[in-house]
Structures are given as C-alpha cells and as structure tokens.
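Engineer: input-v9.csv is the file, holding CSV, C-alpha atoms:
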chain,number,residue,atom,x,y,z
A,12,MET,CA,-188.8,-125.9,43.5
A,13,PHE,CA,-188.0,-129.3,45.0
A,14,ASN,CA,-187.9,-129.1,48.8
A,15,ILE,CA,-185.3,-131.7,49.9
A,16,TRP,CA,-185.8,-131.1,53.6
A,17,ALA,CA,-189.6,-131.7,53.4
A,18,PHE,CA,-188.9,-134.8,51.3
A,19,PHE,CA,-186.4,-136.3,53.7
A,20,SER,CA,-188.6,-135.4,56.7
A,21,TYR,CA,-191.6,-137.3,55.3
A,22,VAL,CA,-189.5,-140.3,54.1
A,23,PHE,CA,-187.8,-140.6,57.5
A,24,VAL,CA,-191.0,-140.3,59.6
A,25,VAL,CA,-192.9,-142.8,57.5
A,26,SER,CA,-190.0,-145.3,57.0
A,27,PHE,CA,-188.8,-145.5,60.6
A,28,THR,CA,-192.1,-145.3,62.6
A,29,PRO,CA,-193.9,-148.5,63.5
A,30,GLY,CA,-195.6,-150.3,60.6
A,31,PRO,CA,-196.1,-153.8,59.3
A,32,ASN,CA,-192.7,-154.2,57.7
A,33,ASN,CA,-190.8,-152.9,60.8
A,34,ILE,CA,-192.9,-154.8,63.3
A,35,MET,CA,-192.5,-158.1,61.4
A,36,SER,CA,-188.8,-157.6,61.0
A,37,MET,CA,-188.3,-157.0,64.7
A,38,ALA,CA,-190.6,-160.0,65.6
A,39,ASN,CA,-188.9,-162.3,63.1
A,40,ALA,CA,-185.4,-161.3,64.2
A,41,SER,CA,-186.2,-161.9,67.9
A,42,LYS,CA,-187.6,-165.4,67.1
A,43,TYR,CA,-185.5,-166.7,64.3
A,44,GLY,CA,-182.3,-164.5,64.3
A,45,TYR,CA,-181.2,-161.7,62.1
A,46,LYS,CA,-179.6,-163.9,59.4
A,47,LYS,CA,-182.8,-165.7,58.7
A,48,THR,CA,-184.7,-162.4,58.8
A,49,LEU,CA,-182.6,-161.1,55.9
A,50,LYS,CA,-184.7,-163.2,53.5
A,51,PHE,CA,-187.8,-161.3,54.7
A,52,ILE,CA,-186.0,-158.0,54.5
A,53,PHE,CA,-185.0,-158.5,50.9
A,54,GLY,CA,-188.5,-159.6,50.1
A,55,VAL,CA,-189.7,-156.3,51.6
A,56,PHE,CA,-187.2,-154.5,49.4
A,57,THR,CA,-188.2,-156.3,46.2
A,58,GLY,CA,-192.0,-155.9,46.8
A,59,PHE,CA,-191.6,-152.2,47.9
A,60,PHE,CA,-189.5,-151.4,44.8
A,61,ILE,CA,-192.2,-152.9,42.5
A,62,VAL,CA,-195.0,-151.0,44.3
A,63,MET,CA,-193.0,-147.8,44.2
A,64,LEU,CA,-192.3,-148.2,40.5
A,65,LEU,CA,-195.9,-148.9,39.7
A,66,SER,CA,-197.0,-145.9,41.7
A,67,SER,CA,-194.5,-143.7,39.8
A,68,TYR,CA,-195.9,-144.6,36.4
A,69,PHE,CA,-199.5,-144.5,37.7
A,70,ASN,CA,-198.9,-141.0,39.0
A,71,LEU,CA,-197.1,-139.9,35.9
A,72,LEU,CA,-200.1,-141.1,33.8
A,73,LEU,CA,-202.5,-139.1,35.9
A,74,PHE,CA,-200.2,-136.0,35.9
A,75,ASN,CA,-200.0,-136.0,32.1
A,76,LEU,CA,-203.7,-136.7,31.4
A,77,ILE,CA,-205.1,-134.2,33.9
A,78,PRO,CA,-202.8,-131.2,34.5
A,79,LYS,CA,-204.9,-129.9,37.4
A,80,ILE,CA,-204.5,-133.2,39.3
A,81,LYS,CA,-201.3,-131.7,40.8
A,82,PHE,CA,-203.4,-129.5,43.1
A,83,ILE,CA,-205.7,-132.3,44.1
A,84,MET,CA,-202.7,-134.7,44.8
A,85,GLY,CA,-201.1,-132.0,46.9
A,86,LEU,CA,-204.2,-131.4,48.9
A,87,ILE,CA,-204.9,-135.1,49.5
A,88,GLY,CA,-201.2,-135.7,50.4
A,89,SER,CA,-201.1,-132.7,52.8
A,90,VAL,CA,-204.3,-133.7,54.5
A,91,TYR,CA,-203.1,-137.3,54.9
A,92,MET,CA,-199.8,-136.1,56.5
A,93,VAL,CA,-201.6,-133.8,58.9
A,94,TYR,CA,-203.9,-136.7,59.9
A,95,LEU,CA,-200.8,-138.8,60.6
A,96,ALA,CA,-199.2,-136.0,62.6
A,97,ILE,CA,-202.3,-135.5,64.7
A,98,LYS,CA,-202.5,-139.2,65.3
A,99,LEU,CA,-198.9,-139.4,66.4
A,100,MET,CA,-199.0,-136.3,68.7
A,101,LYS,CA,-202.4,-137.2,70.2
A,102,SER,CA,-201.6,-140.7,71.4
A,103,GLU,CA,-198.5,-141.5,73.4
A,104,GLU,CA,-199.3,-145.2,73.6
A,105,GLU,CA,-200.4,-145.8,70.0
A,106,SER,CA,-197.1,-147.0,68.7
A,107,GLN,CA,-196.5,-149.3,71.7
A,108,GLU,CA,-200.0,-150.7,71.5
A,109,THR,CA,-199.4,-151.5,67.9
A,110,LEU,CA,-196.2,-153.3,68.7
A,111,ASP,CA,-197.8,-155.3,71.6
A,112,ASP,CA,-200.8,-156.4,69.4
A,113,SER,CA,-198.3,-157.5,66.7
A,114,ASP,CA,-196.3,-159.5,69.2
A,115,ILE,CA,-199.5,-161.3,70.3
A,116,GLU,CA,-200.4,-162.1,66.8
A,117,VAL,CA,-197.0,-163.4,65.9
A,118,ASP,CA,-196.9,-165.4,69.2
A,119,ILE,CA,-200.2,-167.0,68.4
A,120,THR,CA,-199.1,-167.9,64.9
A,121,THR,CA,-195.6,-169.2,65.8
A,122,ASP,CA,-196.6,-171.0,69.1
A,123,GLN,CA,-198.2,-173.7,67.0
A,124,SER,CA,-194.7,-174.9,66.1
A,125,GLN,CA,-191.2,-173.8,66.7
A,126,ASN,CA,-190.5,-174.4,63.0
A,127,PRO,CA,-192.7,-172.2,60.8
A,128,LYS,CA,-192.1,-174.5,57.8
A,129,GLU,CA,-193.9,-177.3,59.5
A,130,ASN,CA,-197.2,-175.4,59.2
A,131,GLY,CA,-196.4,-174.0,55.8
A,132,ASN,CA,-196.2,-170.5,57.3
A,133,ASN,CA,-192.6,-169.3,56.9
A,134,LEU,CA,-192.9,-165.9,58.5
A,135,TYR,CA,-189.3,-164.9,57.7
A,136,SER,CA,-189.4,-166.0,54.0
A,137,PHE,CA,-188.6,-163.8,51.0
A,138,PHE,CA,-192.1,-164.5,49.6
A,139,THR,CA,-193.8,-163.3,52.8
A,140,GLY,CA,-191.8,-160.0,52.7
A,141,LEU,CA,-192.6,-159.6,49.0
A,142,THR,CA,-196.4,-160.3,49.1
A,143,MET,CA,-196.9,-158.1,52.3
A,144,GLN,CA,-196.1,-155.0,50.2
A,145,PHE,CA,-199.2,-155.5,48.0
A,146,VAL,CA,-201.5,-155.6,51.0
A,147,ASN,CA,-199.8,-153.0,53.2
A,148,PRO,CA,-201.9,-149.9,53.3
A,149,LYS,CA,-199.2,-147.8,54.9
A,150,GLY,CA,-196.7,-148.6,52.2
A,151,ILE,CA,-199.2,-148.1,49.3
A,152,LEU,CA,-200.4,-144.7,50.7
A,153,TYR,CA,-196.8,-143.7,51.3
A,154,SER,CA,-195.7,-144.6,47.7
A,155,ILE,CA,-198.6,-142.7,46.2
A,156,THR,CA,-198.1,-139.6,48.4
A,157,VAL,CA,-194.3,-139.3,48.1
A,158,ILE,CA,-194.2,-139.8,44.3
A,159,SER,CA,-197.2,-137.6,43.5
A,160,ASN,CA,-196.1,-134.7,45.7
A,161,PHE,CA,-192.3,-134.7,45.7
A,162,ILE,CA,-191.1,-136.5,42.5
A,163,ILE,CA,-193.6,-136.2,39.6
A,164,PRO,CA,-193.9,-132.4,39.7
A,165,TYR,CA,-190.2,-132.1,39.1
A,166,TYR,CA,-188.8,-135.3,37.6
A,167,LYS,CA,-190.6,-137.4,35.0
A,168,SER,CA,-187.8,-139.2,33.1
A,169,ASN,CA,-187.6,-143.0,33.3
A,170,ILE,CA,-184.2,-143.0,34.9
A,171,ALA,CA,-185.4,-140.5,37.6
A,172,LEU,CA,-188.4,-142.7,38.4
A,173,LEU,CA,-186.3,-145.8,38.5
A,174,LEU,CA,-183.6,-144.3,40.7
A,175,THR,CA,-186.2,-142.8,43.1
A,176,SER,CA,-188.0,-146.1,43.4
A,177,LEU,CA,-184.7,-147.9,44.0
A,178,SER,CA,-183.5,-145.3,46.6
A,179,LEU,CA,-186.7,-145.4,48.6
A,180,ALA,CA,-186.7,-149.2,48.5
A,181,LEU,CA,-183.2,-149.1,49.9
A,182,VAL,CA,-184.5,-146.8,52.7
A,183,ALA,CA,-187.0,-149.6,53.4
A,184,ILE,CA,-184.1,-152.1,53.8
A,185,LEU,CA,-182.4,-149.7,56.2
A,186,SER,CA,-185.4,-149.1,58.4
A,187,THR,CA,-186.4,-152.8,58.6
A,188,SER,CA,-182.8,-153.7,59.3
A,189,VAL,CA,-182.6,-151.2,62.1
A,190,TRP,CA,-185.8,-152.6,63.7
A,191,ALA,CA,-184.5,-156.2,63.2
A,192,LEU,CA,-181.0,-155.5,64.7
A,193,PHE,CA,-182.0,-153.1,67.5
A,194,GLY,CA,-185.6,-154.0,68.0
A,195,SER,CA,-185.6,-154.4,71.8
A,196,LEU,CA,-183.4,-151.4,72.3
A,197,PHE,CA,-185.4,-149.2,69.9
A,198,ASN,CA,-188.6,-150.4,71.6
A,199,ARG,CA,-187.3,-149.3,75.0
A,200,PHE,CA,-186.3,-146.0,73.7
A,201,LEU,CA,-189.7,-145.3,72.3
A,202,SER,CA,-191.3,-146.3,75.6
A,203,SER,CA,-189.1,-144.0,77.5
A,204,TYR,CA,-189.4,-141.0,75.2
A,205,GLN,CA,-192.8,-141.7,73.6
A,206,LYS,CA,-194.3,-138.2,74.0
A,207,GLN,CA,-191.2,-136.4,72.8
A,208,PHE,CA,-190.7,-138.7,69.9
A,209,ASN,CA,-194.4,-138.3,68.8
A,210,ILE,CA,-194.2,-134.5,69.0
A,211,VAL,CA,-191.0,-134.3,66.9
A,212,MET,CA,-192.3,-136.8,64.3
A,213,GLY,CA,-195.7,-134.9,64.2
A,214,LEU,CA,-194.0,-131.6,63.6
A,215,LEU,CA,-191.9,-133.0,60.8
A,216,LEU,CA,-195.0,-134.3,59.1
A,217,ILE,CA,-196.8,-131.0,59.5
A,218,TYR,CA,-193.8,-129.2,58.0
A,219,SER,CA,-194.0,-131.6,55.0
A,220,ALA,CA,-197.7,-131.1,54.7
A,221,ILE,CA,-197.5,-127.3,54.6
A,222,THR,CA,-194.7,-127.5,52.0
A,223,ILE,CA,-196.6,-129.7,49.5
A,224,SER,CA,-200.0,-128.0,50.0
A,225,GLY,CA,-198.8,-124.9,48.2
A,226,ILE,CA,-199.9,-122.5,50.9
A,227,THR,CA,-196.4,-121.1,51.2
A,228,HIS,CA,-196.7,-119.6,47.7
A,229,ILE,CA,-199.5,-117.3,49.0
A,230,PHE,CA,-196.9,-115.4,51.2
A,231,GLN,CA,-194.2,-115.1,48.5
If you took the structure in this file and wrote it as structure tokens, what would it be?
Structural biologist:
Amino acid sequence: MFNIWAFFSYVFVVSFTPGPNNIMSMANASKYGYKKTLKFIFGVFTGFFIVMLLSSYFNLLLFNLIPKIKFIMGLIGSVYMVYLAIKLMKSEEESQETLDDSDIEVDITTDQSQNPKENGNNLYSFFTGLTMQFVNPKGILYSITVISNFIIPYYKSNIALLLTSLSLALVAILSTSVWALFGSLFNRFLSSYQKQFNIVMGLLLIYSAITISGITHIFQ
C-alpha cells in the first residue's frame, strides 16, 4: 500500500535541505535579484523534469525485466536514506559549511566581473539551471530513489509517471524559490536551530527508510 506520509517526508527533506540547486538559487538571488534568478529556477524545473521522467522509465524497465529488483531497490533506497539521516544528525555544522563553501566559490567566480555575461559565465541563466540537473548527484540519486521505491511499485501508467515527474519538478521550483526569496532569513534560522532541524529531518528520513525497506511487513 502506498504510504503517502513516508513519500511526503522524503520529498520534503531532500527538496528543502541544502543542495546545489537551492544554494545556487540563494546565491544568484542575493547577487542578481530574484527576477533574474527566475531564469535559473525555470532551468532547474525543466532539467529536473527531464531527469525525473528518464528515471521513471528506466526504473519501469528494470521493474518489468527483473521482478525481484523491487527488493534490491527498496534495500538500496532505505540504506541511502539512513545514510543521509545519520549524516544530518551527526553534524550540526555540515549544512552551514556547505553554504559557506558555495558562497566562496560563487564569489571567486563572480568577482572577476560584475556582469557574468562578460566572461561568458551567466550563472543565473536558464541553460545553467538546466544543465546542472544532469551533473547533480543529489538530484539524480533522489529521482532514482523516489521513483523506484514510492511510485513504480504502485503506479506504472504513462500518465502516472508523467504527472509524478511534473509534480516533483514543481516541488523543485518551490524549494529553489524559497531559498532565493528568503535565503538570508532561512540561513539564519538554520544557524540558530541547526541541531533541532537536523534531528527532525533525520528522523523523517529514517521513518521513510523503514517504510520502504519492507521490515514493517514482518510485524503484520
């Protein structure tokens, strides 16, 4: 049976915690303004939708060819989620350090010129947001995990895969927009409540991991 709470927990944690898309959106908005960053955000949406759709059909192909792959996918997915949970709960400074490193990288890149177009490096362009999705490990792992464990076992029609990919891509727009609009405020909130935030996010991931691992069926 499809567990909607585990699904939403996983989507929320992965989408709204620090990652390349959210960090770049926040950095771009702080330097070039939210309006210019919209091009980057829509690039993220388009690229993520394509990656999610490709992942959907790739997982469907595996699921149909090898019926027992469901157990392996569930195991890999649950182990990956527990790994993320431990990483989150163990390090209070990890998210902030990631943000600080990203700010330094962006500053080095953009300090060469106030206008990124002059160096042929338009950081807030649609193309940058689009191409980032095909080299973003977090996004690729997320798409494979969420589709293989939450969608394919229950929904396999073309319309279901299309709507799921579109919906998750829209969540990506929401998360990047939140980081772009309220980057500084959100950053201060994380700094003030880093430990509590990491614990809550870690517990949500562990809940999702237990759900997809199939261990709950043992006690039924």
Engineer: Hey, can you check how far CA of Asn133 (chain A) sits from CA of Ser36 (chain A)?
Structural biologist: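 Separation between CA of Asn133 (chain A) and CA of Ser36 (chain A): 13.0 Å.
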Engineer: Taking only C-alpha atoms into account, name the residue in A:Val90, A:Leu73, A:Val146, A:Val55 that is nearest to Ile163 (chain A).
Structural biologist: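 Of the candidates, the smallest distance to Ile163 (chain A) is held by A:Leu73.
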Engineer: Which residues are close to Ile155 (chain A), i.e. within 9 Å by only C-alpha atoms, leaving aside same-chain residues fewer than 3 positions away? Reply as an NGL selection string.
Structural biologist: :A and (63 or 66-67 or 69-70 or 88 or 150-152 or 158-160)
Engineer: Compile the contact shell of Leu179 (chain A) as a PyMOL selection string: residues with an atom at most 12 Å away, counting only C-alpha atoms, same-chain residues fewer than 5 positions apart removed.
Structural biologist: chain A and resi 18-19+21-23+25-26+55-64+67+150+153-154+157-158+162+172-174+184-186
Engineer: May I have the residues within 6 Å of Phe51 (chain A) as a list in words, using only C-alpha atoms and disregarding those fewer than 4 positions away in the same chain?
Structural biologist: Tyr135, Ser136, Phe137 and Gly140 of chain A
Engineer: To one decimal place, how far is CA of Leu134 (chain A) from CA of Thr187 (chain A) in Å?
Structural biologist: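 About the pair CA of Leu134 (chain A) and CA of Thr187 (chain A): they are 14.6 Å apart.
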Engineer: Return the single residue from A:Asn169, A:Ser219, A:Asn33, A:Ser203 that is closest to Tyr68 (chain A), with distances computed using all atoms listed in the file.
Structural biologist: A:Asn169
Engineer: So how many Å separate CA of Gly30 (chain A) and CA of Lys149 (chain A), to one decimal?
Structural biologist: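 Going from CA of Gly30 (chain A) over to CA of Lys149 (chain A), I get 7.2 Å.
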Engineer: Please determine, counting only C-alpha atoms, which residue among A:Val189, A:Leu181, A:Leu49, A:Val211 has the shortest atom-to-atom distance to Pro29 (chain A).
Structural biologist: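 Between A:Val189, A:Leu181, A:Leu49, A:Val211, the residue approaching Pro29 (chain A) most closely is A:Val189.
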Engineer: Check the smallest atom-to-atom distance from each of A:Ile170, A:Leu65, A:Val182, A:Ala191 to Tyr43 (chain A) using all atoms listed in the file, then report the winner.
Structural biologist: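 Result for the nearest residue to Tyr43 (chain A): A:Ala191.
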